[in-house]
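Structure record follows, encoded as structure tokens.
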Amino acid sequence: MKKKIIPVLLILCTGLMMAPISKAADESVDNSLYAELLSDYVNQGVVDYQGFKKEEKKLDAYLDVLAAVDPETLSRDDRFAFYINAYNAWTIKLILSGYPGVESIKDLGSFFRSPWKKKICRINGKMLSLDEIEHDILRPEFKDPRVHFAVNCASKGCPKLISAPYEGNRLELQLNDVTQAFINNRDRNYIDGTTLYVSSIFKWFAEDFDHDIPAFFKKYADDELKKQLLQKSGDIKVKYLDYDWSLNGR
């Protein structure tokens, strides 16, 4: 009996059709809703929470977008940006849960539980706290101290919330920009004689800065501050400034 010859192309096509479809590792997140909100209601780090409150449904829709994302399908930079955006957007949502009448994010905690330990963040089928996003994911997974100038705790002492989402394809530039902006903000950090006065962020997360705050400052300082730091060299002492926990709203 004559054998039937099946074209090789047909076999290949059939195999492709039957093969399981794997998730792409370069999927991206649609941050358009969040971009609109940030553009409209964040100006030079000052947040218009009343405006966010009026458009809370849009914020909720964005949080739904984040909840539907599997972060493991994202590239490293997209995943890094995803968790920064998630932290910041859920922090805004937390403030809105008590707004108006909130003078500090700390008002939304209790004696037994800080606001950062509330499991409010819907991520990939799980409920996470802000602390879990920051301390269990962002810091240990990405090991980048610049994250401390990107995540925002809704307080005046925080590095400023920027008016755009973080995006994987420009994350390196964004992280450098926010770090340099904070380091060189004389209202947040300054040198007086041989003493470098810095935000308490550097005390709380000293290990992330290799316990060498002056070295980190030298890396991101502008010309004037860098010159001062280099002149003082090994004589620099570090002191930590009080943190302003009042709401970063207008």
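In the structure tokens, each chain is lettered A, B, ... as it comes, each chain's residues begin at 1, and ligands are numbered from 1 in order of appearance.
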Range 171-250 of chain A residues near range 71-83 of chain A within 12 Å, closest pair each, using only C-alpha atoms, as JSON lines:
```
{"residue": "A:Leu171", "atom": "CA", "partner": "A:Asp77", "partner_atom": "CA", "distance": 6.7}
{"residue": "A:Glu172", "atom": "CA", "partner": "A:Asp77", "partner_atom": "CA", "distance": 8.5}
{"residue": "A:Leu173", "atom": "CA", "partner": "A:Asp77", "partner_atom": "CA", "distance": 11.6}
{"residue": "A:Gln174", "atom": "CA", "partner": "A:Ala81", "partner_atom": "CA", "distance": 10.0}
{"residue": "A:Leu175", "atom": "CA", "partner": "A:Ala81", "partner_atom": "CA", "distance": 9.9}
```
>> Residues near range 30-32 of chain A, anyone? I mean within 12 Å using only C-alpha atoms, not counting same-chain ones fewer than 6 positions away, as a list in words.
In response: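 Result of the neighbour search: Leu38, Ser39, Lys58, Leu59, Ala61, Tyr62, Leu63, Asp64, Val65, Leu66, Ala67, Ala68, Val69, Asp78, Ala81, Phe82, Asn85, Ala86, Ala89, Ala164, Pro165, Tyr166, Glu167 and Gly168 of chain A.
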>> So that I can check the secondary structure, give me every residue of range 31-188 of chain A assigned strand (DSSP E or B) by backbone DSSP, as number ranges by chain.
In response: A: 42-43, 46-47, 74, 104, 119-123, 126-129, 155
Residues from the last selection, N, CA and C atoms, saved as a short mmCIF file (atom, residue, chain, number, x, y, z; two decimals), in the first residue's frame:
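Final output, again12.cif:
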```cif
data_model
loop_
_atom_site.label_atom_id
_atom_site.label_comp_id
_atom_site.auth_asym_id
_atom_site.auth_seq_id
_atom_site.Cartn_x
_atom_site.Cartn_y
_atom_site.Cartn_z
N VAL A 42 -0.66 66.13 40.41
CA VAL A 42 0.62 66.22 41.11
C VAL A 42 1.45 67.30 40.44
N ASN A 43 1.87 68.27 41.24
CA ASN A 43 2.64 69.40 40.71
C ASN A 43 3.84 69.65 41.61
N VAL A 46 3.69 68.16 45.01
CA VAL A 46 2.51 68.48 45.83
C VAL A 46 1.31 67.77 45.23
N VAL A 47 0.60 67.01 46.05
CA VAL A 47 -0.50 66.17 45.57
C VAL A 47 -1.84 66.82 45.89
N LEU A 74 6.85 40.13 33.23
CA LEU A 74 7.48 41.39 32.83
C LEU A 74 9.00 41.27 32.82
N SER A 104 -1.79 63.32 58.23
CA SER A 104 -0.58 62.52 58.05
C SER A 104 -0.99 61.09 57.74
N LYS A 119 -3.08 45.17 54.68
CA LYS A 119 -3.06 44.41 53.43
C LYS A 119 -4.14 44.96 52.50
N ILE A 120 -3.76 45.99 51.76
CA ILE A 120 -4.72 46.67 50.90
C ILE A 120 -4.40 46.53 49.41
N CYS A 121 -3.20 46.05 49.09
CA CYS A 121 -2.72 46.08 47.71
C CYS A 121 -3.03 44.76 47.00
N ARG A 122 -3.85 44.84 45.96
CA ARG A 122 -4.20 43.64 45.18
C ARG A 122 -3.16 43.44 44.09
N ILE A 123 -2.33 42.41 44.26
CA ILE A 123 -1.26 42.13 43.30
C ILE A 123 -1.28 40.66 42.93
N LYS A 126 -3.09 38.20 45.13
CA LYS A 126 -2.74 38.24 46.56
C LYS A 126 -3.05 39.62 47.13
N MET A 127 -3.20 39.67 48.42
CA MET A 127 -3.34 40.93 49.13
C MET A 127 -2.04 41.20 49.87
N LEU A 128 -1.39 42.29 49.52
CA LEU A 128 -0.11 42.65 50.13
C LEU A 128 -0.22 43.98 50.86
N SER A 129 0.68 44.19 51.78
CA SER A 129 0.77 45.49 52.43
C SER A 129 1.83 46.33 51.71
N SER A 155 4.17 61.98 52.38
CA SER A 155 4.59 62.92 53.42
C SER A 155 5.55 63.96 52.85
#
```
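For the choices A:Leu225, A:Leu96, A:Val238, A:Val147, the atom-to-atom distance to Ile133 in chain A is smallest for A:Val147 when using only C-alpha atoms.
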>> Excluding Asp208 in chain A and its own-chain neighbours fewer than 5 positions away, which residues fall within 12 Å of it when counting only C-alpha atoms? Please give them as a list in words.
In response: His135, Leu138, Arg139, Pro140, Phe142, Lys143, Asp144, Pro145, Arg146, Val147, His148, Ile201, Phe202, Lys203, Ile213 and Phe216 of chain A
Only C-alpha atoms, please: the residues just picked out, written as a PDB file, in the first residue's frame.
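Wrote it out as result-v3.pdb, contents follow:
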```pdb
ATOM      1  CA  HIS A 135      10.696  45.353  52.076  1.00  0.00           C
ATOM      2  CA  LEU A 138      11.497  46.070  45.934  1.00  0.00           C
ATOM      3  CA  ARG A 139      14.499  46.190  48.240  1.00  0.00           C
ATOM      4  CA  PRO A 140      15.622  42.538  48.256  1.00  0.00           C
ATOM      5  CA  PHE A 142      16.189  44.811  42.897  1.00  0.00           C
ATOM      6  CA  LYS A 143      18.860  45.859  45.412  1.00  0.00           C
ATOM      7  CA  ASP A 144      18.888  49.441  44.169  1.00  0.00           C
ATOM      8  CA  PRO A 145      19.079  52.201  46.805  1.00  0.00           C
ATOM      9  CA  ARG A 146      17.566  54.673  44.355  1.00  0.00           C
ATOM     10  CA  VAL A 147      14.208  53.040  45.042  1.00  0.00           C
ATOM     11  CA  HIS A 148      14.012  55.102  48.244  1.00  0.00           C
ATOM     12  CA  ILE A 201      15.857  57.872  55.157  1.00  0.00           C
ATOM     13  CA  PHE A 202      19.620  57.316  55.238  1.00  0.00           C
ATOM     14  CA  LYS A 203      19.448  56.198  58.863  1.00  0.00           C
ATOM     15  CA  ILE A 213      26.317  57.977  53.186  1.00  0.00           C
ATOM     16  CA  PHE A 216      26.523  57.849  48.004  1.00  0.00           C
TER      17      PHE A 216
END
```
> If we count only C-alpha atoms, what is near Lys53 in chain A at a cut-off of 12 Å, once residues fewer than 2 positions away on the same chain are taken out, given as a ChimeraX atom specification?
Replying inline: /A:37,41,47-51,55-60,92-100
Atoms to include: C-alpha atoms. Write the selected residues as a short mmCIF file (atom, residue, chain, number, x, y, z; two decimals), in the first residue's frame.
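Contents of again_22.cif, freshly written:
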```
data_model
loop_
_atom_site.label_atom_id
_atom_site.label_comp_id
_atom_site.auth_asym_id
_atom_site.auth_seq_id
_atom_site.Cartn_x
_atom_site.Cartn_y
_atom_site.Cartn_z
CA LEU A 37 -4.10 61.36 37.15
CA TYR A 41 -3.09 66.23 40.28
CA VAL A 47 -0.50 66.17 45.57
CA ASP A 48 -4.03 67.44 45.02
CA TYR A 49 -5.85 64.75 46.99
CA GLN A 50 -9.18 66.51 46.47
CA GLY A 51 -8.69 66.09 42.73
CA GLU A 55 -11.59 60.89 40.17
CA GLU A 56 -11.23 57.99 42.57
CA LYS A 57 -13.06 55.71 40.15
CA LYS A 58 -10.29 56.31 37.59
CA LEU A 59 -7.70 55.47 40.23
CA ASP A 60 -9.66 52.33 41.08
CA ILE A 92 -2.70 57.47 47.30
CA LYS A 93 -5.67 55.11 47.63
CA LEU A 94 -4.86 54.66 51.33
CA ILE A 95 -4.88 58.42 51.86
CA LEU A 96 -8.20 58.73 50.05
CA SER A 97 -9.71 56.15 52.42
CA GLY A 98 -9.60 58.80 55.15
CA TYR A 99 -9.65 61.98 53.08
CA PRO A 100 -10.51 64.74 53.92
#
```
